[in-house]
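A short worksheet on the structure shown next.
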Amino acid sequence: MSDLLKQEKNGSILSFGELLIRLCPDADGDWLNDNQLPFYIGGAELNVANALALWGLPVKYFTALPQNGLSAQIIEYLKKKEIDTSPIHYGDGRVGLYFLTTGQDLKHNALIYDRAGSAFANIKTGVIDWDKVLQDVSWFHFSAICPAIGQNVADVCKEALEAAEQRGITISVDLNYRSKLWQYGKSPIEVMPELVNHCDLVMGNIWAEEMMLGIEVIPNIHESGQKSIYLKESLGASENILKRFPKCRAVANTFRFDATNDIKYYTTLYFNNQLYNSGEYETGRVMDKAGSGDCFMAGLIYGFHNKHAVDEIIEFATAAAFEKLFIKGDATTRTVAEINNAIKLNLK
């Protein structure tokens with residue numbers, strides 16, 4: 001049984017981050033002729049909250065929104081998903097946007113952010129009542145996207161993490177790297193180590209850990225393409241993170257190799273001085289790559305929150321992430337039963 005949680009199982013999980021409206025033009029520009037532009041409500045941390053709520057866990061969501069009719073509609077939408085929106089802060093600005101060409105990856109030029117001047121980008125320290133926001137919370141989750149937005153948001157992240165740690169709340173971080181962010185004069189490695197100092201669970205991949213935490217990856221690691229070498233690097237990176245950040249007790253790494261739409265996917269979880277690795281998933285059919293990593297993060301939280309065995313945690317999280325590849329939009333629609341069935345099919 002895993003024992004990552006310090007508090008009782010019945011505490012809520014708070015996901016902290018910017019809500020974004022995702023607009024999806026098609027690659028051929030037909031949306032201009034059709035006067036139709038598909039959209040989704042997303043944001044990395046909201047995707048985590050969506051998954052956890054779908055899987056029956058008590059979830060709260062913190063973001064900042066303008067107080068207007070559009071925000072009211074979005075909040076009602078989230079409430080219908082059983083997400084507790086009471087922590088949401090209302091401030092000056094607007095709802096952030098991002099554009100992602102249909103079928104493309106967040107790491108490619110098809111991604112355009114339009115979030116400057118959003119209510120979340122405008123938040124400041126000394127404004128949020130953390131006693132109220134963190135009431136009855138046992139787990140706090142955020143991602144590296146938040147401090148990438150601006151120094152003021154990075155400062156609020158630090159304020160939130162300090163408040164959560166003082167209350168004995170378990171803290172997780174997803175080391176999401178977005179090259180189009182981090183435009184305010186600070187590099188990730190100047191900001192993230194101080195924030196990761198507060199974290200119990202670190203999730204990412206070995207390359208993000210190198211860029212954000214200074215955990216070096218061996219040069220030319222891709223030359224052989226051998227899984228054993230990737231797993232060895234994951235083990236070394238995980239051990240180094242635990243040495244460098246004493247509060248951290250678990251490190252999870254994802255490995256997704258894309259060749260056009262052919263994807264190979266597996267993951268690792270280092271916990272209690274042991275590296276666990278998942279089954280390997282492959283597909284030649286992908287509907288939407290956005291939000292897959294968020295599903296993996298949600299799966300980890302789901303497993304630890306429910307005190308599942310560690311090997312079960314990593315398998316569930318991996319299957320949840322893989323299944324998201326076949327779902328349009330930012331958030332998963334796969335139930336716990338469907339994910340467990342996907343695990344069984346992959347093991348055959």
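Simple scheme: letters A, B, ... for chains in structure tokens order, numbers from 1 for residues in each chain, numbers from 1 for ligands in the order shown.
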Based on the backbone DSSP call, show me all residues of range 7-61 of chain A assigned alpha helix (DSSP H), as a tab-separated table (two decimals) with N, CA, C and O atoms, in the first residue's frame.
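Below is the file that was written, selection_28.tsv:
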chain	number	residue	atom	x	y	z
A	30	ASP	N	-10.24	25.50	-43.58
A	30	ASP	CA	-11.66	25.39	-43.92
A	30	ASP	C	-12.55	26.13	-42.92
A	30	ASP	O	-13.67	26.51	-43.26
A	31	TRP	N	-12.06	26.34	-41.71
A	31	TRP	CA	-12.86	27.04	-40.70
A	31	TRP	C	-13.24	28.45	-41.15
A	31	TRP	O	-14.28	28.97	-40.76
A	32	LEU	N	-12.41	29.03	-42.01
A	32	LEU	CA	-12.70	30.38	-42.50
A	32	LEU	C	-13.90	30.37	-43.45
A	32	LEU	O	-14.73	31.30	-43.44
A	33	ASN	N	-14.00	29.33	-44.25
A	33	ASN	CA	-15.13	29.22	-45.18
A	33	ASN	C	-16.39	28.73	-44.49
A	33	ASN	O	-17.50	29.13	-44.85
A	34	ASP	N	-16.21	27.86	-43.48
A	34	ASP	CA	-17.36	27.26	-42.81
A	34	ASP	C	-17.90	28.13	-41.67
A	34	ASP	O	-18.98	27.85	-41.14
A	44	ALA	N	-3.98	22.82	-18.30
A	44	ALA	CA	-3.40	21.58	-17.78
A	44	ALA	C	-3.98	21.18	-16.44
A	44	ALA	O	-4.34	20.02	-16.21
A	45	GLU	N	-4.08	22.13	-15.53
A	45	GLU	CA	-4.53	21.80	-14.17
A	45	GLU	C	-6.03	21.52	-14.13
A	45	GLU	O	-6.48	20.69	-13.35
A	46	LEU	N	-6.79	22.19	-14.99
A	46	LEU	CA	-8.21	21.89	-15.08
A	46	LEU	C	-8.42	20.50	-15.67
A	46	LEU	O	-9.35	19.77	-15.26
A	47	ASN	N	-7.58	20.10	-16.61
A	47	ASN	CA	-7.68	18.75	-17.16
A	47	ASN	C	-7.50	17.69	-16.07
A	47	ASN	O	-8.18	16.66	-16.07
A	48	VAL	N	-6.58	17.95	-15.14
A	48	VAL	CA	-6.40	17.04	-14.00
A	48	VAL	C	-7.65	17.01	-13.15
A	48	VAL	O	-8.14	15.94	-12.77
A	49	ALA	N	-8.20	18.18	-12.85
A	49	ALA	CA	-9.41	18.25	-12.03
A	49	ALA	C	-10.58	17.54	-12.71
A	49	ALA	O	-11.36	16.83	-12.07
A	50	ASN	N	-10.71	17.72	-14.02
A	50	ASN	CA	-11.78	17.05	-14.78
A	50	ASN	C	-11.70	15.54	-14.63
A	50	ASN	O	-12.71	14.87	-14.39
A	51	ALA	N	-10.50	15.00	-14.80
A	51	ALA	CA	-10.33	13.55	-14.72
A	51	ALA	C	-10.67	13.04	-13.32
A	51	ALA	O	-11.39	12.05	-13.17
A	52	LEU	N	-10.15	13.71	-12.30
A	52	LEU	CA	-10.37	13.25	-10.93
A	52	LEU	C	-11.84	13.32	-10.55
A	52	LEU	O	-12.36	12.43	-9.86
A	53	ALA	N	-12.53	14.36	-11.00
A	53	ALA	CA	-13.96	14.47	-10.72
A	53	ALA	C	-14.73	13.34	-11.42
A	53	ALA	O	-15.64	12.73	-10.84
A	54	LEU	N	-14.35	13.06	-12.66
A	54	LEU	CA	-14.98	11.97	-13.41
A	54	LEU	C	-14.78	10.64	-12.70
A	54	LEU	O	-15.66	9.78	-12.71
Shell around Ile41 in chain A at 7 Å using only C-alpha atoms, local window under 4 positions removed, as a list in words: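 Selected residues are Leu20, Ile21 and Arg22 of chain A.
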Spatial neighbours of range 294-308 of chain A, max dist 9 Å, only C-alpha atoms, sep filter under 5 positions, as a ChimeraX atom specification: /A:1-5,9-10,13,44-52,55,57,139,141,172-174,203-204,252,254,313-324,330-332
Selection: 10 Å around range 263-265 of chain A, only C-alpha atoms, excl. self and same-chain fewer than 2 positions, as a PyMOL selection string: chain A and resi 254-261+267+278-286+318-319+321-322+325
For Asp200 in chain A: contacts at 8 Å, only C-alpha atoms, fewer than 5 positions along chain excluded, given as a list of chain:residue names: A:Leu4, A:Thr170, A:Ile171, A:Ser172, A:Lys247, A:Cys248, A:Arg249, A:Ala250
Dump N, CA, C and O atoms for the selected residues as a PDB file, in the first residue's frame?
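Writing the result to selection.pdb gives the following:
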ATOM      1  N   LEU A   4       1.774   7.950   0.471  1.00  0.00           N
ATOM      2  CA  LEU A   4       2.241   9.293   0.133  1.00  0.00           C
ATOM      3  C   LEU A   4       1.420  10.368   0.829  1.00  0.00           C
ATOM      4  O   LEU A   4       1.941  11.396   1.239  1.00  0.00           O
ATOM      5  N   THR A 170      -0.185  17.415   0.989  1.00  0.00           N
ATOM      6  CA  THR A 170       0.660  16.796  -0.025  1.00  0.00           C
ATOM      7  C   THR A 170       0.651  17.659  -1.286  1.00  0.00           C
ATOM      8  O   THR A 170      -0.399  18.150  -1.706  1.00  0.00           O
ATOM      9  N   ILE A 171       1.830  17.823  -1.900  1.00  0.00           N
ATOM     10  CA  ILE A 171       1.971  18.719  -3.044  1.00  0.00           C
ATOM     11  C   ILE A 171       2.570  17.959  -4.224  1.00  0.00           C
ATOM     12  O   ILE A 171       3.565  17.244  -4.079  1.00  0.00           O
ATOM     13  N   SER A 172       1.967  18.126  -5.398  1.00  0.00           N
ATOM     14  CA  SER A 172       2.496  17.526  -6.625  1.00  0.00           C
ATOM     15  C   SER A 172       2.714  18.592  -7.675  1.00  0.00           C
ATOM     16  O   SER A 172       2.025  19.621  -7.696  1.00  0.00           O
ATOM     17  N   LYS A 247      12.221  16.792   0.428  1.00  0.00           N
ATOM     18  CA  LYS A 247      10.794  16.605   0.704  1.00  0.00           C
ATOM     19  C   LYS A 247      10.141  15.649  -0.307  1.00  0.00           C
ATOM     20  O   LYS A 247       9.135  14.997  -0.006  1.00  0.00           O
ATOM     21  N   CYS A 248      10.734  15.555  -1.498  1.00  0.00           N
ATOM     22  CA  CYS A 248      10.159  14.720  -2.554  1.00  0.00           C
ATOM     23  C   CYS A 248      10.269  13.246  -2.191  1.00  0.00           C
ATOM     24  O   CYS A 248      11.316  12.777  -1.748  1.00  0.00           O
ATOM     25  N   ARG A 249       9.201  12.509  -2.401  1.00  0.00           N
ATOM     26  CA  ARG A 249       9.172  11.080  -2.080  1.00  0.00           C
ATOM     27  C   ARG A 249       8.855  10.187  -3.271  1.00  0.00           C
ATOM     28  O   ARG A 249       8.940   8.970  -3.183  1.00  0.00           O
ATOM     29  N   ALA A 250       8.439  10.791  -4.387  1.00  0.00           N
ATOM     30  CA  ALA A 250       8.113   9.997  -5.576  1.00  0.00           C
ATOM     31  C   ALA A 250       8.373  10.817  -6.825  1.00  0.00           C
ATOM     32  O   ALA A 250       8.111  12.029  -6.848  1.00  0.00           O
TER      33      ALA A 250
END
Among listed residues A:Gly42, A:Gly225, A:Gly293, A:Pro246, nearest Asn176 in chain A (using only C-alpha atoms): A:Gly293
In range 183-261 of chain A, DSSP strand (DSSP E) residues written as number ranges by chain: A: 201-204, 250-259
